[in-house]
>>> print(open('my_file.txt').read())   # compact mmCIF, C-alpha atoms
# COMPACT_ATOMS: atom_id res chain seq x y z
CA MET V 299 106.25 76.35 49.02
CA GLY V 300 108.88 78.92 49.91
CA LYS V 301 110.16 80.32 53.11
CA PRO V 302 107.69 82.21 55.28
CA SER V 303 108.07 85.96 54.97
CA ARG V 304 110.05 87.63 57.72
CA LYS V 305 108.30 90.03 60.07
CA ARG V 306 109.02 93.70 59.60
CA VAL V 307 111.65 94.86 62.09
CA LEU V 308 110.96 98.58 61.76
CA LYS V 309 107.78 100.40 62.73
CA ASP V 310 105.17 101.30 60.12
CA ASN V 311 106.35 104.91 59.92
CA GLU V 312 110.03 104.02 59.29
CA ALA V 313 112.18 103.02 56.34
CA LYS V 314 115.87 102.23 56.06
CA ALA V 315 118.74 101.87 53.64
CA ILE V 316 122.15 100.25 54.06
CA ALA V 317 125.36 101.10 52.21
CA ARG V 318 127.96 98.39 52.58
CA ASN V 319 131.70 98.19 51.83
CA LEU V 320 132.39 101.92 51.85
CA ARG V 321 136.12 102.50 51.52
CA VAL V 322 136.62 104.63 54.62
CA SER V 323 137.33 103.91 58.26
CA PRO V 324 134.29 103.70 60.56
CA ARG V 325 135.66 106.51 62.71
CA LYS V 326 135.75 108.95 59.78
CA LEU V 327 132.36 107.82 58.54
CA ASP V 328 130.83 108.42 61.97
CA LEU V 329 131.81 112.09 61.75
CA VAL V 330 129.71 112.45 58.60
CA ALA V 331 126.83 110.42 60.07
CA GLY V 332 126.84 112.72 63.09
CA LEU V 333 126.08 115.65 60.78
CA ILE V 334 122.70 114.24 59.78
CA ARG V 335 121.42 112.46 62.90
CA GLY V 336 118.10 113.87 64.11
CA LYS V 337 117.75 116.38 61.27
CA LYS V 338 114.94 116.78 58.78
CA VAL V 339 115.70 115.08 55.50
CA GLN V 340 115.90 118.29 53.46
CA SER V 341 118.51 119.89 55.73
CA ALA V 342 120.47 116.61 55.95
CA LEU V 343 120.65 116.44 52.15
CA ALA V 344 121.83 120.05 52.02
CA ASP V 345 124.53 119.38 54.62
CA LEU V 346 125.81 116.34 52.73
CA THR V 347 125.74 118.15 49.39
CA PHE V 348 128.01 120.93 50.61
CA SER V 349 130.21 118.86 52.92
CA LYS V 350 133.93 118.78 52.12
CA LYS V 351 134.32 115.17 53.27
CA ARG V 352 134.96 112.70 50.44
CA ILE V 353 132.60 110.06 51.82
CA ALA V 354 129.66 112.49 52.09
CA LYS V 355 128.71 111.69 48.50
CA ASP V 356 128.20 108.00 49.34
CA VAL V 357 126.27 108.84 52.53
CA LYS V 358 124.03 111.14 50.48
CA LYS V 359 123.38 108.28 48.08
CA CYS V 360 122.35 106.05 50.98
CA LEU V 361 120.07 108.77 52.37
CA ASP V 362 118.45 109.20 48.95
CA SER V 363 117.83 105.46 48.90
CA ALA V 364 116.20 105.56 52.34
CA ILE V 365 113.95 108.41 51.20
CA ALA V 366 112.98 106.48 48.06
CA ASN V 367 112.25 103.38 50.14
CA ALA V 368 110.02 105.41 52.44
CA GLU V 369 108.13 106.97 49.56
CA ASN V 370 107.74 104.00 47.22
CA ASN V 371 107.68 100.96 49.51
CA HIS V 372 105.97 102.32 52.60
CA GLN V 373 103.93 105.29 51.23
CA LEU V 374 105.37 107.81 53.70
CA ASP V 375 105.27 111.57 53.16
CA VAL V 376 108.72 112.82 52.14
CA ASP V 377 108.15 116.30 53.59
CA ASN V 378 107.74 114.92 57.12
CA LEU V 379 110.75 112.59 57.17
CA VAL V 380 113.47 112.88 59.83
CA VAL V 381 116.75 110.96 60.02
CA SER V 382 116.04 109.05 63.21
CA GLU V 383 119.11 106.78 63.17
CA ALA V 384 122.41 106.72 61.32
CA TYR V 385 124.79 104.11 62.63
CA ILE V 386 128.10 102.73 61.44
CA GLY V 387 129.45 99.20 61.27
CA LYS V 388 132.86 97.74 60.59
CA ALA V 389 133.34 95.64 57.49
CA LEU V 390 136.41 93.86 56.18
CA THR V 391 139.95 95.21 56.42
CA MET V 392 142.46 94.77 53.63
CA HIS V 393 145.96 94.07 54.88
CA ARG V 394 148.91 95.30 52.86
CA PHE V 395 152.60 95.63 53.61
CA THR V 396 155.10 98.34 52.76
CA SER V 397 158.84 98.12 52.84
CA ARG V 398 160.82 99.92 55.51
CA GLY V 399 164.47 100.43 56.21
CA ARG V 400 166.99 97.67 56.89
CA GLY V 401 164.98 95.00 55.05
CA ARG V 402 161.90 95.23 57.25
CA SER V 403 158.25 95.69 56.42
CA SER V 404 155.32 97.27 58.21
CA PRO V 405 151.62 96.56 57.85
CA ILE V 406 149.08 98.89 56.26
CA GLU V 407 145.42 98.38 57.12
CA LYS V 408 142.78 99.59 54.68
CA PRO V 409 139.43 99.43 56.50
CA PHE V 410 135.95 99.28 54.99
CA SER V 411 132.74 100.19 56.78
CA SER V 412 128.97 100.23 56.34
CA ILE V 413 126.27 102.74 57.20
CA THR V 414 122.60 102.17 58.01
CA ILE V 415 120.22 105.12 57.78
CA VAL V 416 116.70 104.93 59.22
CA VAL V 417 114.21 107.67 58.38
CA ARG V 418 110.99 108.18 60.34
CA GLU V 419 107.85 110.07 59.42
CA THR V 420 106.80 112.59 62.04
CA GLU V 421 103.39 114.20 62.35
CA GLU V 422 103.22 117.93 61.96
CA GLN V 423 102.43 119.44 65.33
CA ALA V 424 100.47 122.64 65.69
CA PRO V 425 102.35 125.33 67.63
CA LYS V 426 101.22 125.32 71.26
CA LYS V 427 99.91 128.45 72.90
CA LYS V 428 102.00 129.67 75.78
CA SER V 429 100.01 129.61 78.97
CA LYS V 430 100.76 131.65 82.03
CA PRO V 431 102.46 129.82 84.87
CA LYS V 432 100.20 129.10 87.85
CA ALA V 433 102.01 131.52 90.13
CA GLU V 434 101.47 134.44 87.75
CA ALA V 435 97.85 133.48 87.14
CA LYS V 436 97.10 133.62 90.90
CA ALA V 437 98.99 136.89 91.37
CA SER V 438 97.13 138.63 88.55
CA ALA V 439 93.71 137.48 89.85
>>> encode(input="my_file.txt", output="structure tokens")
Amino acid sequence: MGKPSRKRVLKDNEAKAIARNLRVSPRKLDLVAGLIRGKKVQSALADLTFSKKRIAKDVKKCLDSAIANAENNHQLDVDNLVVSEAYIGKALTMHRFTSRGRGRSSPIEKPFSSITIVVRETEEQAPKKKSKPKAEAKASA
């Protein structure tokens, strides 16, 4: 007799991964998350692979985990995955002190943050045929 299982928060075509306690400020991490929001998974992985930001390697690891969760746990097609959400959260902040002139000290804050990546499977849409606008259709008739 255990606890009842929790209802699934995400939709059936979504999967997520969370990376916690990343040693970077949330503001810097949000710049990297902005690179991948709304992109297809393959192009997001390419952007993170060749990014010059130090934290991009950890974000790529989290994205790989979200892709693996989608494939193995929820049987989603990897080729149709899109990064639907990538949001940042604050975690703990280490407080340190450094010595300054005249016997004083000043604080140093070393922030940590977390990132949550949600990937969604999209259906492939057939390209739509361009139809003539109504005004042109009447004029040509």
>>> closest_residue(input="my_file.txt", among="V:Val381, V:Leu374, V:Met299, V:Leu390", to="V:Asn311", atoms="all atoms listed in the file")
V:Leu374
>>> residues_around(input="my_file.txt", residues="stretch 319-332 of chain V", least_positions_apart="5", cutoff="8 Å", atoms="only C-alpha atoms", output="ChimeraX atom specification")
/V:351,353-354,356-357,384-390,408-412
>>> residues_near_point(input="my_file.txt", point="(147.0, 94.3, 59.7)", cutoff="9 Å", atoms="all atoms listed in the file", output="PyMOL selection string")
chain V and resi 391-395+404-408
>>> write_last_selection(input="my_file.txt", atoms="C-alpha atoms", output="JSON list (two decimals), in the frame of the given file")
[["chain", "number", "residue", "atom", "x", "y", "z"],
["V", 391, "THR", "CA", 139.95, 95.21, 56.42],
["V", 392, "MET", "CA", 142.46, 94.77, 53.63],
["V", 393, "HIS", "CA", 145.96, 94.07, 54.88],
["V", 394, "ARG", "CA", 148.91, 95.30, 52.86],
["V", 395, "PHE", "CA", 152.60, 95.63, 53.61],
["V", 404, "SER", "CA", 155.32, 97.27, 58.21],
["V", 405, "PRO", "CA", 151.62, 96.56, 57.85],
["V", 406, "ILE", "CA", 149.08, 98.89, 56.26],
["V", 407, "GLU", "CA", 145.42, 98.38, 57.12],
["V", 408, "LYS", "CA", 142.78, 99.59, 54.68]]
>>> residues_around(input="my_file.txt", residues="stretch 361-373 of chain V", least_positions_apart="4", cutoff="6 Å", atoms="all atoms listed in the file", output="PyMOL selection string")
chain V and resi 313-315
>>> closest_residue(input="my_file.txt", among="V:Val417, V:Ser403, V:Arg304, V:Val376", to="V:Ile334", atoms="all atoms listed in the file")
V:Val417
>>> residues_near_point(input="my_file.txt", point="(107.6, 114.4, 58.6)", cutoff="7 Å", atoms="all atoms listed in the file", output="PyMOL selection string")
chain V and resi 375-380+419-422
>>> atom_distance(input="my_file.txt", atom1="atom CA of V:Asp310", atom2="atom CA of V:Arg418")
9.0 Å
>>> atom_distance(input="my_file.txt", atom1="atom CA of V:Lys301", atom2="atom CA of V:Ile415")
27.2 Å
>>> atom_distance(input="my_file.txt", atom1="atom CA of V:Cys360", atom2="atom CA of V:Asp345")
14.0 Å
